[in-house]
$ cat structure_20.txt   # compact mmCIF, C-alpha atoms
# COMPACT_ATOMS: atom_id res chain seq x y z
CA MET A 2 84.10 180.93 83.96
CA LYS A 3 84.91 177.92 81.89
CA LYS A 4 83.08 175.60 84.32
CA ILE A 5 80.04 177.87 84.29
CA PHE A 6 80.05 177.85 80.47
CA LEU A 7 80.23 174.08 80.32
CA LEU A 8 77.46 173.72 82.87
CA GLY A 9 75.32 176.16 80.95
CA GLY A 10 76.00 174.24 77.75
CA PHE A 11 74.96 170.99 79.43
CA LEU A 12 71.69 172.56 80.57
CA LEU A 13 71.06 173.89 77.07
CA LEU A 14 71.72 170.43 75.64
CA ASN A 15 69.28 168.85 78.08
CA ASN A 16 66.61 171.38 77.16
CA PHE A 17 67.29 170.79 73.48
CA VAL A 18 66.80 167.02 73.91
CA PHE A 19 63.58 167.46 75.82
CA ALA A 20 62.36 170.01 73.29
CA GLN A 21 62.55 167.28 70.68
CA GLY A 22 59.97 165.31 72.62
CA ILE A 23 60.18 161.56 73.11
CA SER A 24 63.48 160.01 72.09
CA PHE A 25 62.79 156.83 70.10
CA GLU A 26 65.25 153.96 69.71
CA PRO A 27 66.07 152.72 66.18
CA THR A 28 64.89 149.13 66.81
CA ILE A 29 62.69 147.29 69.27
CA GLU A 30 65.72 145.14 70.20
CA ALA A 31 67.75 148.23 71.03
CA ALA A 32 64.88 149.57 73.14
CA PHE A 33 64.72 146.46 75.32
CA GLN A 34 68.49 146.20 75.59
CA LYS A 35 68.59 149.78 76.84
CA ALA A 36 65.69 149.08 79.19
CA LYS A 37 67.52 146.09 80.65
CA ALA A 38 70.57 148.22 81.30
CA SER A 39 68.64 151.14 82.78
CA GLY A 40 65.87 149.25 84.59
CA LYS A 41 63.22 151.33 82.83
CA ASN A 42 60.00 150.17 81.22
CA VAL A 43 59.46 150.36 77.46
CA PHE A 44 56.90 152.52 75.68
CA VAL A 45 55.82 151.40 72.19
CA GLU A 46 53.72 153.62 69.97
CA CYS A 47 51.97 151.58 67.27
CA TYR A 48 51.21 153.77 64.27
CA SER A 49 50.76 153.82 60.51
CA PRO A 50 52.43 156.51 58.42
CA HIS A 51 49.24 156.66 56.32
CA CYS A 52 46.88 157.09 59.29
CA PRO A 53 45.79 160.74 59.74
CA ILE A 54 44.99 160.19 63.42
CA CYS A 55 48.43 158.67 63.99
CA MET A 56 50.10 161.60 62.29
CA SER A 57 48.08 164.05 64.38
CA LEU A 58 49.87 162.68 67.48
CA GLU A 59 53.29 163.83 66.26
CA PRO A 60 53.22 167.38 67.73
CA THR A 61 52.23 165.96 71.11
CA LEU A 62 54.92 163.27 70.99
CA LYS A 63 57.44 166.06 70.25
CA SER A 64 56.28 168.39 73.00
CA ALA A 65 58.82 169.26 75.69
CA GLU A 66 56.75 168.21 78.69
CA VAL A 67 55.80 164.83 77.16
CA GLY A 68 59.40 164.21 76.08
CA LYS A 69 60.74 165.05 79.52
CA PHE A 70 58.39 162.64 81.33
CA TYR A 71 58.76 159.76 78.88
CA ASN A 72 62.52 160.07 78.49
CA GLN A 73 62.95 160.05 82.27
CA ASN A 74 60.72 157.02 82.81
CA PHE A 75 60.77 154.92 79.63
CA VAL A 76 62.83 153.69 76.74
CA SER A 77 60.67 154.25 73.66
CA PHE A 78 60.12 152.80 70.20
CA LYS A 79 57.83 153.73 67.30
CA LEU A 80 56.38 150.56 65.75
CA ASN A 81 55.26 151.01 62.15
CA VAL A 82 52.35 148.60 61.60
CA GLU A 83 53.10 148.55 57.87
CA ASP A 84 56.60 147.16 58.45
CA ALA A 85 56.37 143.35 58.62
CA LYS A 86 59.72 143.08 60.41
CA GLN A 87 58.57 145.40 63.18
CA VAL A 88 55.15 143.75 63.44
CA SER A 89 56.87 140.38 63.87
CA PHE A 90 57.63 141.45 67.46
CA LEU A 91 53.88 141.61 68.17
CA ASN A 92 53.35 138.26 66.46
CA ILE A 93 56.04 136.62 68.59
CA LYS A 94 54.43 138.06 71.73
CA ASN A 95 50.98 136.84 70.50
CA ILE A 96 49.69 140.40 70.59
CA TYR A 97 46.75 141.32 68.37
CA LEU A 98 46.53 144.88 67.10
CA PRO A 99 42.83 145.82 66.87
CA GLY A 100 43.60 149.27 65.53
CA PHE A 101 45.96 152.20 65.69
CA PRO A 102 47.24 154.46 67.05
CA LEU A 103 47.71 152.33 70.13
CA PHE A 104 50.08 152.74 73.07
CA PHE A 105 51.77 149.71 74.66
CA TYR A 106 53.82 149.77 77.85
CA PHE A 107 56.12 146.82 78.61
CA ASP A 108 58.45 146.02 81.47
CA LYS A 109 62.12 145.49 80.67
CA ASP A 110 61.48 141.73 80.29
CA GLN A 111 58.96 142.31 77.45
CA ASN A 112 55.85 141.63 79.54
CA LEU A 113 52.90 143.79 78.47
CA LEU A 114 51.90 145.90 81.46
CA HIS A 115 49.38 148.32 80.05
CA THR A 116 47.70 149.38 76.85
CA THR A 117 45.55 152.33 75.92
CA ASP A 118 44.09 154.25 73.01
CA PRO A 119 45.77 157.66 73.31
CA THR A 120 43.93 160.90 73.96
CA ASN A 121 45.84 163.55 72.06
CA THR A 122 46.94 166.17 74.61
CA PRO A 123 50.27 166.46 76.47
CA LYS A 124 48.41 166.14 79.76
CA ASP A 125 46.72 162.91 78.68
CA PHE A 126 49.92 161.42 77.23
CA ILE A 127 51.57 161.93 80.60
CA LYS A 128 48.50 160.54 82.37
CA HIS A 129 48.65 157.42 80.18
CA ALA A 130 52.28 156.95 81.19
CA GLN A 131 51.59 157.53 84.89
CA THR A 132 48.84 154.92 84.76
CA ALA A 133 51.22 152.49 83.08
CA LEU A 134 53.73 153.01 85.90
CA ASP A 135 51.16 152.35 88.64
CA PRO A 136 50.68 148.61 89.36
CA ASN A 137 47.20 149.35 90.72
CA GLN A 138 46.08 150.90 87.43
CA GLN A 139 47.84 148.75 84.83
CA THR A 140 45.35 146.85 82.67
CA SER A 141 47.48 143.71 83.06
CA GLY A 142 46.46 143.66 86.72
CA PHE A 143 42.72 144.00 86.11
CA TRP A 144 42.19 140.22 85.99
CA LYS A 145 43.04 140.00 89.69
CA LYS A 146 40.57 142.80 90.39
CA TYR A 147 37.92 140.97 88.39
CA GLN A 148 38.57 137.72 90.25
CA ALA A 149 38.24 139.62 93.50
CA GLY A 150 34.74 140.72 92.50
CA ASP A 151 35.35 144.09 90.84
CA ARG A 152 32.54 144.55 88.31
CA ASP A 153 33.03 148.23 87.61
CA ILE A 154 32.21 148.82 83.94
CA ASN A 155 35.42 150.74 83.24
CA THR A 156 37.50 148.01 84.86
CA MET A 157 35.82 145.34 82.74
CA VAL A 158 36.18 147.43 79.58
CA GLY A 159 39.91 147.85 80.20
CA LEU A 160 40.30 144.17 81.01
CA ALA A 161 38.30 142.92 78.02
CA TYR A 162 40.35 145.15 75.73
CA TYR A 163 43.61 143.88 77.24
CA LEU A 164 42.45 140.25 76.91
CA ARG A 165 41.53 140.79 73.29
CA ILE A 166 44.93 142.31 72.56
CA THR A 167 46.67 139.40 74.32
CA GLN A 168 44.30 136.97 72.55
CA ASP A 169 43.05 135.26 75.70
CA THR A 170 39.75 134.14 74.20
CA LEU A 171 38.30 132.24 77.15
CA LYS A 172 38.89 134.98 79.70
CA ASN A 173 37.73 137.63 77.26
CA LYS A 174 34.43 135.83 76.73
CA GLN A 175 33.89 135.54 80.46
CA VAL A 176 34.60 139.21 81.10
CA ALA A 177 32.73 140.45 78.02
CA ASP A 178 29.60 138.52 79.05
CA ALA A 179 29.80 140.03 82.54
CA LEU A 180 30.32 143.45 81.00
CA PHE A 181 27.17 143.10 78.91
CA SER A 182 25.20 141.97 81.97
CA ALA A 183 26.31 145.06 83.88
CA TYR A 184 25.88 147.55 81.05
CA PRO A 185 22.70 149.70 81.27
CA LYS A 186 20.38 148.28 78.65
CA ASP A 187 18.83 151.67 77.91
CA GLN A 188 22.29 152.84 76.81
CA LEU A 189 23.12 149.96 74.45
CA GLY A 190 22.72 152.23 71.44
CA ASP A 191 25.22 154.81 72.65
CA LYS A 192 28.67 155.51 71.23
CA PHE A 193 30.48 153.90 74.17
CA SER A 194 28.62 150.63 73.59
CA TRP A 195 29.63 150.76 69.91
CA ALA A 196 33.26 151.32 70.93
CA ILE A 197 33.08 148.35 73.33
CA MET A 198 31.84 146.10 70.53
CA LYS A 199 34.63 147.25 68.21
CA LYS A 200 37.48 147.13 70.71
CA CYS A 201 36.65 144.56 73.37
CA ILE A 202 34.47 141.76 72.02
CA MET A 203 35.78 138.48 70.57
CA ASP A 204 32.53 136.51 70.48
CA LEU A 205 29.69 136.94 68.00
CA ASP A 206 27.21 135.54 70.54
CA ASN A 207 28.01 138.27 73.06
CA GLY A 208 25.14 140.66 73.81
CA PHE A 209 26.97 143.67 72.37
CA SER A 210 27.57 141.81 69.09
CA GLN A 211 23.97 140.69 68.90
CA PHE A 212 22.65 144.19 69.57
CA TRP A 213 24.83 145.82 66.94
CA LEU A 214 24.15 143.17 64.30
CA ASN A 215 20.54 144.28 64.48
CA ASN A 216 21.29 148.02 64.78
CA LEU A 217 24.03 148.48 62.23
CA ALA A 218 22.58 151.75 60.94
CA ILE A 219 23.25 153.42 64.29
CA GLY A 220 26.82 152.16 64.20
CA GLY A 221 27.07 153.57 60.69
CA LYS A 222 26.15 156.99 62.03
CA TYR A 223 28.93 156.80 64.62
CA GLU A 224 31.47 155.68 62.01
CA ALA A 225 30.49 158.56 59.74
CA GLU A 226 31.00 161.00 62.61
CA GLU A 227 34.54 159.65 62.96
CA GLY A 228 35.21 160.01 59.25
CA HIS A 229 34.82 156.27 58.55
CA ALA A 230 31.58 156.25 56.60
CA GLY A 231 30.63 152.83 55.29
CA GLN A 232 32.95 150.92 57.64
CA GLU A 233 30.37 149.98 60.26
CA GLY A 234 30.40 146.32 59.20
CA ASN A 235 34.15 145.86 59.56
CA ALA A 236 34.38 144.97 63.25
CA LEU A 237 31.40 142.60 63.16
CA GLY A 238 32.71 141.17 59.92
CA ARG A 239 36.01 140.31 61.61
CA LEU A 240 34.14 138.58 64.43
CA LEU A 241 32.05 136.68 61.89
CA GLN A 242 35.17 135.63 60.02
CA LEU A 243 36.78 134.40 63.24
CA GLU A 244 33.61 132.44 64.01
CA ILE A 245 33.39 130.80 60.58
CA PHE A 246 37.06 129.85 60.35
CA SER A 247 37.56 128.75 63.95
CA PRO A 248 38.38 125.04 64.58
CA LYS A 249 35.09 124.59 66.43
CA ALA A 250 33.09 125.70 63.37
CA SER A 251 33.33 122.24 61.79
CA PHE A 252 31.09 120.97 64.61
CA TYR A 253 28.39 123.66 64.40
CA SER A 254 24.80 122.59 63.96
CA LEU A 255 22.99 123.36 60.74
CA ALA A 256 20.92 125.93 62.63
CA LYS A 257 24.10 127.68 63.79
CA VAL A 258 25.53 127.66 60.26
CA ASN A 259 22.31 129.18 58.91
CA THR A 260 22.50 131.88 61.58
CA LEU A 261 26.02 132.76 60.48
CA LYS A 262 24.84 132.89 56.87
CA ARG A 263 22.09 135.30 57.91
CA TYR A 264 24.67 137.48 59.65
CA MET A 265 26.70 137.60 56.43
CA GLU A 266 23.59 138.79 54.62
CA LEU A 267 23.05 141.49 57.26
CA LEU A 268 26.63 142.68 56.78
CA GLY A 269 26.25 142.90 53.02
CA ALA A 270 28.35 139.84 52.18
CA GLY A 271 25.53 137.94 50.48
CA PRO A 272 27.41 137.07 47.25
CA TYR A 273 30.19 135.44 49.28
CA VAL A 274 28.11 133.35 51.69
CA THR A 275 28.58 129.94 50.09
CA ALA A 276 32.29 130.48 49.39
CA ASN A 277 32.86 131.18 53.09
CA THR A 278 30.51 128.71 54.75
CA TRP A 279 30.49 125.54 52.64
CA GLN A 280 33.26 123.90 54.69
CA ILE A 281 31.16 124.11 57.85
CA GLU A 282 27.78 123.58 56.20
CA CYS A 283 28.73 120.28 54.56
CA PRO A 284 29.79 118.58 57.85
CA ALA A 285 26.58 119.85 59.46
CA LEU A 286 24.55 118.32 56.63
CA LEU A 287 26.51 115.08 56.97
CA ARG A 288 25.71 114.82 60.68
CA GLU A 289 22.08 115.92 60.50
CA LYS A 290 20.88 114.91 57.01
CA GLY A 291 23.18 112.05 56.04
CA GLN A 292 25.79 111.30 53.39
CA ASP A 293 23.55 111.59 50.35
CA VAL A 294 22.38 115.12 51.14
CA ALA A 295 25.89 116.26 52.14
CA PHE A 296 27.49 114.82 49.01
CA ASN A 297 24.87 116.35 46.72
CA PHE A 298 25.62 119.69 48.35
CA LEU A 299 29.35 119.20 47.71
CA LYS A 300 28.70 118.04 44.15
CA GLY A 301 26.65 121.17 43.52
CA LEU A 302 29.71 123.26 44.36
CA ILE A 303 31.97 121.21 42.12
CA ASN A 304 29.65 121.30 39.12
CA ALA A 305 30.26 125.05 39.00
CA GLN A 306 34.03 124.71 39.47
CA THR A 307 36.73 124.17 36.85
CA GLN A 308 39.87 125.41 38.62
CA PRO A 309 42.02 122.26 39.01
CA GLN A 310 43.58 123.13 42.36
CA LEU A 311 40.13 123.62 43.87
CA LEU A 312 38.89 120.33 42.42
CA VAL A 313 41.78 118.58 44.19
CA TYR A 314 40.96 120.50 47.38
CA TYR A 315 37.34 119.31 47.24
CA VAL A 316 38.64 115.74 47.06
CA THR A 317 40.85 116.48 50.09
CA PHE A 318 37.75 117.71 51.91
CA TYR A 319 35.85 114.59 50.90
CA ASN A 320 38.66 112.34 52.13
CA ASN A 321 38.85 114.20 55.43
CA THR A 322 35.12 114.48 56.07
CA PHE A 323 33.13 111.58 54.65
CA PRO A 324 33.22 108.33 56.62
CA ASP A 325 33.57 105.76 53.81
CA GLY A 326 34.08 105.21 50.09
CA LYS A 327 30.44 105.43 48.99
CA PHE A 328 31.14 108.28 46.56
CA VAL A 329 34.77 107.69 45.57
CA VAL A 330 33.89 106.99 41.92
CA GLU A 331 32.41 110.48 41.60
CA ALA A 332 35.31 112.04 43.49
CA ARG A 333 37.76 110.27 41.18
CA ARG A 334 36.14 112.02 38.22
CA TRP A 335 37.03 115.36 39.80
CA LEU A 336 40.67 114.29 39.97
CA SER A 337 40.54 113.06 36.38
CA SER A 338 39.27 116.49 35.33
CA ALA A 339 41.98 118.28 37.30
CA ARG A 340 44.96 116.08 36.35
CA PRO A 341 45.61 117.37 32.77
CA GLN A 342 45.41 120.99 33.95
CA LEU A 343 48.03 120.79 36.71
CA LYS A 344 51.44 122.19 35.82
CA THR A 345 53.79 121.78 38.79
CA GLU A 346 55.28 118.62 40.25
CA GLN A 347 54.07 119.39 43.77
CA GLU A 348 50.48 119.82 42.55
CA ILE A 349 50.67 116.51 40.71
CA ALA A 350 52.18 114.82 43.78
CA ASN A 351 49.33 116.15 45.90
CA LEU A 352 46.78 114.86 43.38
CA ASN A 353 48.41 111.41 43.43
CA TYR A 354 48.32 111.44 47.22
CA GLU A 355 44.59 112.29 47.33
CA SER A 356 43.94 109.64 44.67
CA ALA A 357 45.71 107.09 46.87
CA ARG A 358 43.49 108.10 49.77
CA LEU A 359 40.40 107.56 47.62
CA TYR A 360 41.59 104.05 46.72
CA GLN A 361 42.33 103.38 50.39
CA LYS A 362 38.83 104.60 51.30
CA SER A 363 37.28 102.10 48.87
CA GLY A 364 39.55 99.25 49.97
CA ASP A 365 41.60 99.10 46.74
CA LEU A 366 45.05 98.98 48.38
CA ALA A 367 46.89 97.81 45.25
CA ASN A 368 45.96 100.94 43.30
CA ALA A 369 46.51 103.07 46.41
CA LYS A 370 50.12 101.86 46.51
CA LYS A 371 50.58 102.66 42.79
CA GLU A 372 49.37 106.22 43.36
CA ILE A 373 51.72 106.60 46.34
CA ALA A 374 54.64 105.46 44.17
CA ALA A 375 53.68 108.05 41.55
CA ALA A 376 53.35 110.69 44.28
CA LYS A 377 56.87 109.90 45.54
CA THR A 378 58.27 110.31 42.01
CA SER A 379 56.56 113.67 41.59
CA ILE A 380 57.61 114.97 44.99
CA ALA A 381 61.24 114.01 44.33
CA ALA A 382 61.09 116.00 41.08
CA ALA A 383 59.52 118.94 42.95
CA LYS A 384 62.28 118.94 45.57
CA ALA A 385 64.91 119.12 42.82
CA LYS A 386 63.30 122.19 41.24
CA VAL A 387 61.92 124.30 44.08
CA THR A 388 64.09 127.06 45.56
CA ASP A 389 61.51 129.32 47.23
CA PRO A 390 61.57 128.74 51.05
CA ASN A 391 57.79 128.92 51.42
CA LEU A 392 57.27 126.51 48.55
CA ASN A 393 59.87 124.21 50.09
CA LYS A 394 57.74 124.06 53.23
CA LEU A 395 54.70 123.11 51.17
CA VAL A 396 56.64 120.37 49.35
CA ALA A 397 57.96 119.06 52.67
CA SER A 398 54.42 118.97 54.08
CA ILE A 399 53.14 116.99 51.08
CA GLU A 400 56.10 114.61 51.34
CA THR A 401 55.38 113.99 55.03
CA SER A 402 51.74 113.13 54.22
CA ILE A 403 52.81 110.81 51.39
CA ASN A 404 55.30 108.95 53.59
CA LYS A 405 52.75 108.58 56.37
CA LEU A 406 50.19 107.04 54.01
CA ALA A 407 52.88 104.81 52.47
CA SER A 408 53.58 103.40 55.96
CA GLU A 409 49.87 102.74 56.51
CA LEU A 410 49.62 100.83 53.23
CA LYS A 411 52.53 98.45 53.93
$ encode --input "structure_20.txt" --output "structure tokens"
Amino acid sequence: MKKIFLLGGFLLLNNFVFAQGISFEPTIEAAFQKAKASGKNVFVECYSPHCPICMSLEPTLKSAEVGKFYNQNFVSFKLNVEDAKQVSFLNIKNIYLPGFPLFFYFDKDQNLLHTTDPTNTPKDFIKHAQTALDPNQQTSGFWKKYQAGDRDINTMVGLAYYLRITQDTLKNKQVADALFSAYPKDQLGDKFSWAIMKKCIMDLDNGFSQFWLNNLAIGGKYEAEEGHAGQEGNALGRLLQLEIFSPKASFYSLAKVNTLKRYMELLGAGPYVTANTWQIECPALLREKGQDVAFNFLKGLINAQTQPQLLVYYVTFYNNTFPDGKFVVEARRWLSSARPQLKTEQEIANLNYESARLYQKSGDLANAKKEIAAAKTSIAAAKAKVTDPNLNKLVASIETSINKLASELK
């Protein structure tokens, strides 16, 4: 009788555990440690506690049938996207989170096997997991299918989404361009096409991006249907931001820069165009119109600017971008205007450093050396005062630049 009672209690305990749904580990580290020991894969639910859709998943995550399948096959962790410590795991893995809720499935060695936007039913949650366990269906394996000639639209959508999440820009562009070529052009205005643009595209020149830039009102209708009225410009705005602030943007033609400015206007960012594009427009003017036109453009920005840190930054830009010392006298006036307004030693050291570069640019090495000496004095004072780790990094970076220039001037 006693054995029967214990056995019955064990069965009741098992049912109780499963009735609680998926069992989540307290930390991502604990989840992978347990996965290593058990040989299981790891399920990570990315959510926000302030996201209504995320919260609507909770009853399904706690259902008995979902809990039973996941607890048998995975070690699980709930990743709060508002917790910087938890998100650091994604940053370390170079994983971009385009939205949430989002399901990730890893192997025990932290390799991302599969990702999906969840459909909120117990049956679909289990189907997501079964797909993640099948090597033939995992999105991480779709690149091999693509290379083998698979141009099925759903395959390319899954692959493009995976490549965006893993931030593989070159492969994503290749797949996304092929996806646009294969997509029925009479269906470009449908909701699936809008979802592809939002979730899968990393390139503003892609056909989906171009279509939706010119049909934003339709996208607005779809966003309103989802309860996101007024947010139709967000996804394209992110792509535009990536385009403007990418390393290659400094080499864009003036025509390309003007196109990006037009896109900003289309997305309702007109008042912020110059503030976001001047650093790529000025080099384009320099290459295509010459120094005089480029410097007049830069001077026009500075004439409207009084913030001292920005004045110093404009001089940094001048030093980095312009080929010679033709306009150093004017640039020195900007530093003279900024100098009395600067308060901290590291800001003053940076100003001295940029002043030294201006003298170097004009061939006045004697004064360049004097400014470097002053910069070294200021940076030493800054090091003695600064305690904030992030500020320490900034001071160290300035000091490295100062020492490098000092070596050049010897």
$ residues_around --input "structure_20.txt" --residues "Asp206 (chain A)" --least-positions-apart "6" --cutoff "12 Å" --atoms "all atoms listed in the file" --output "list in words"
Lys174, Gln175, Ala177, Asp178, Phe181, Met198, Phe212, Trp213, Leu214, Leu237, Leu240, Leu241, Glu244, Lys257, Thr260, Leu261 and Tyr264 of chain A
$ residues_around --input "structure_20.txt" --residues "Gly190 (chain A)" --least-positions-apart "3" --cutoff "9 Å" --atoms "only C-alpha atoms" --output "PyMOL selection string"
chain A and resi 186-187+193-195+212-213+216+219-220
$ write_last_selection --input "structure_20.txt" --atoms "C-alpha atoms" --output "short mmCIF file (atom, residue, chain, number, x, y, z; two decimals), in the frame of the given file"
data_model
loop_
_atom_site.label_atom_id
_atom_site.label_comp_id
_atom_site.auth_asym_id
_atom_site.auth_seq_id
_atom_site.Cartn_x
_atom_site.Cartn_y
_atom_site.Cartn_z
CA LYS A 186 20.38 148.28 78.65
CA ASP A 187 18.83 151.67 77.91
CA PHE A 193 30.48 153.90 74.17
CA SER A 194 28.62 150.63 73.59
CA TRP A 195 29.63 150.76 69.91
CA PHE A 212 22.65 144.19 69.57
CA TRP A 213 24.83 145.82 66.94
CA ASN A 216 21.29 148.02 64.78
CA ILE A 219 23.25 153.42 64.29
CA GLY A 220 26.82 152.16 64.20
#
$ atom_distance --input "structure_20.txt" --atom1 "CA of Ile23 (chain A)" --atom2 "CA of Gly142 (chain A)"
26.3 Å
$ axis_aligned_box --input "structure_20.txt" --around "region 253-262 of chain A" --padding-each-side "5 Å" --output "JSON"
{"center_x": 24.7, "center_y": 127.7, "center_z": 60.6, "size_x": 17.5, "size_y": 20.3, "size_z": 17.5}
$ residues_around --input "structure_20.txt" --residues "Tyr48 (chain A)" --least-positions-apart "2" --cutoff "7 Å" --atoms "all atoms listed in the file" --output "ChimeraX atom specification"
/A:46,50,55,80-82,101-103
$ residues_around --input "structure_20.txt" --residues "region 397-405 of chain A" --least-positions-apart "2" --cutoff "12 Å" --atoms "all atoms listed in the file" --output "MDAnalysis selection string"
chainID A and resid 346:358 369:370 372:384 387 390:395 407:411
$ atom_distance --input "structure_20.txt" --atom1 "CA of Gly364 (chain A)" --atom2 "CA of Thr317 (chain A)"
17.3 Å
$ closest_residue --input "structure_20.txt" --among "A:Gly228, A:Asn215, A:Leu58, A:Ser338" --to "Arg263 (chain A)" --atoms "all atoms listed in the file"
A:Asn215
$ residues_near_point --input "structure_20.txt" --point "(31.2, 122.8, 63.4)" --cutoff "12 Å" --atoms "all atoms listed in the file" --output "count of residues only"
30
$ closest_residue --input "structure_20.txt" --among "A:Glu226, A:Ser49, A:Glu59, A:Tyr314" --to "Leu302 (chain A)" --atoms "only C-alpha atoms"
A:Tyr314
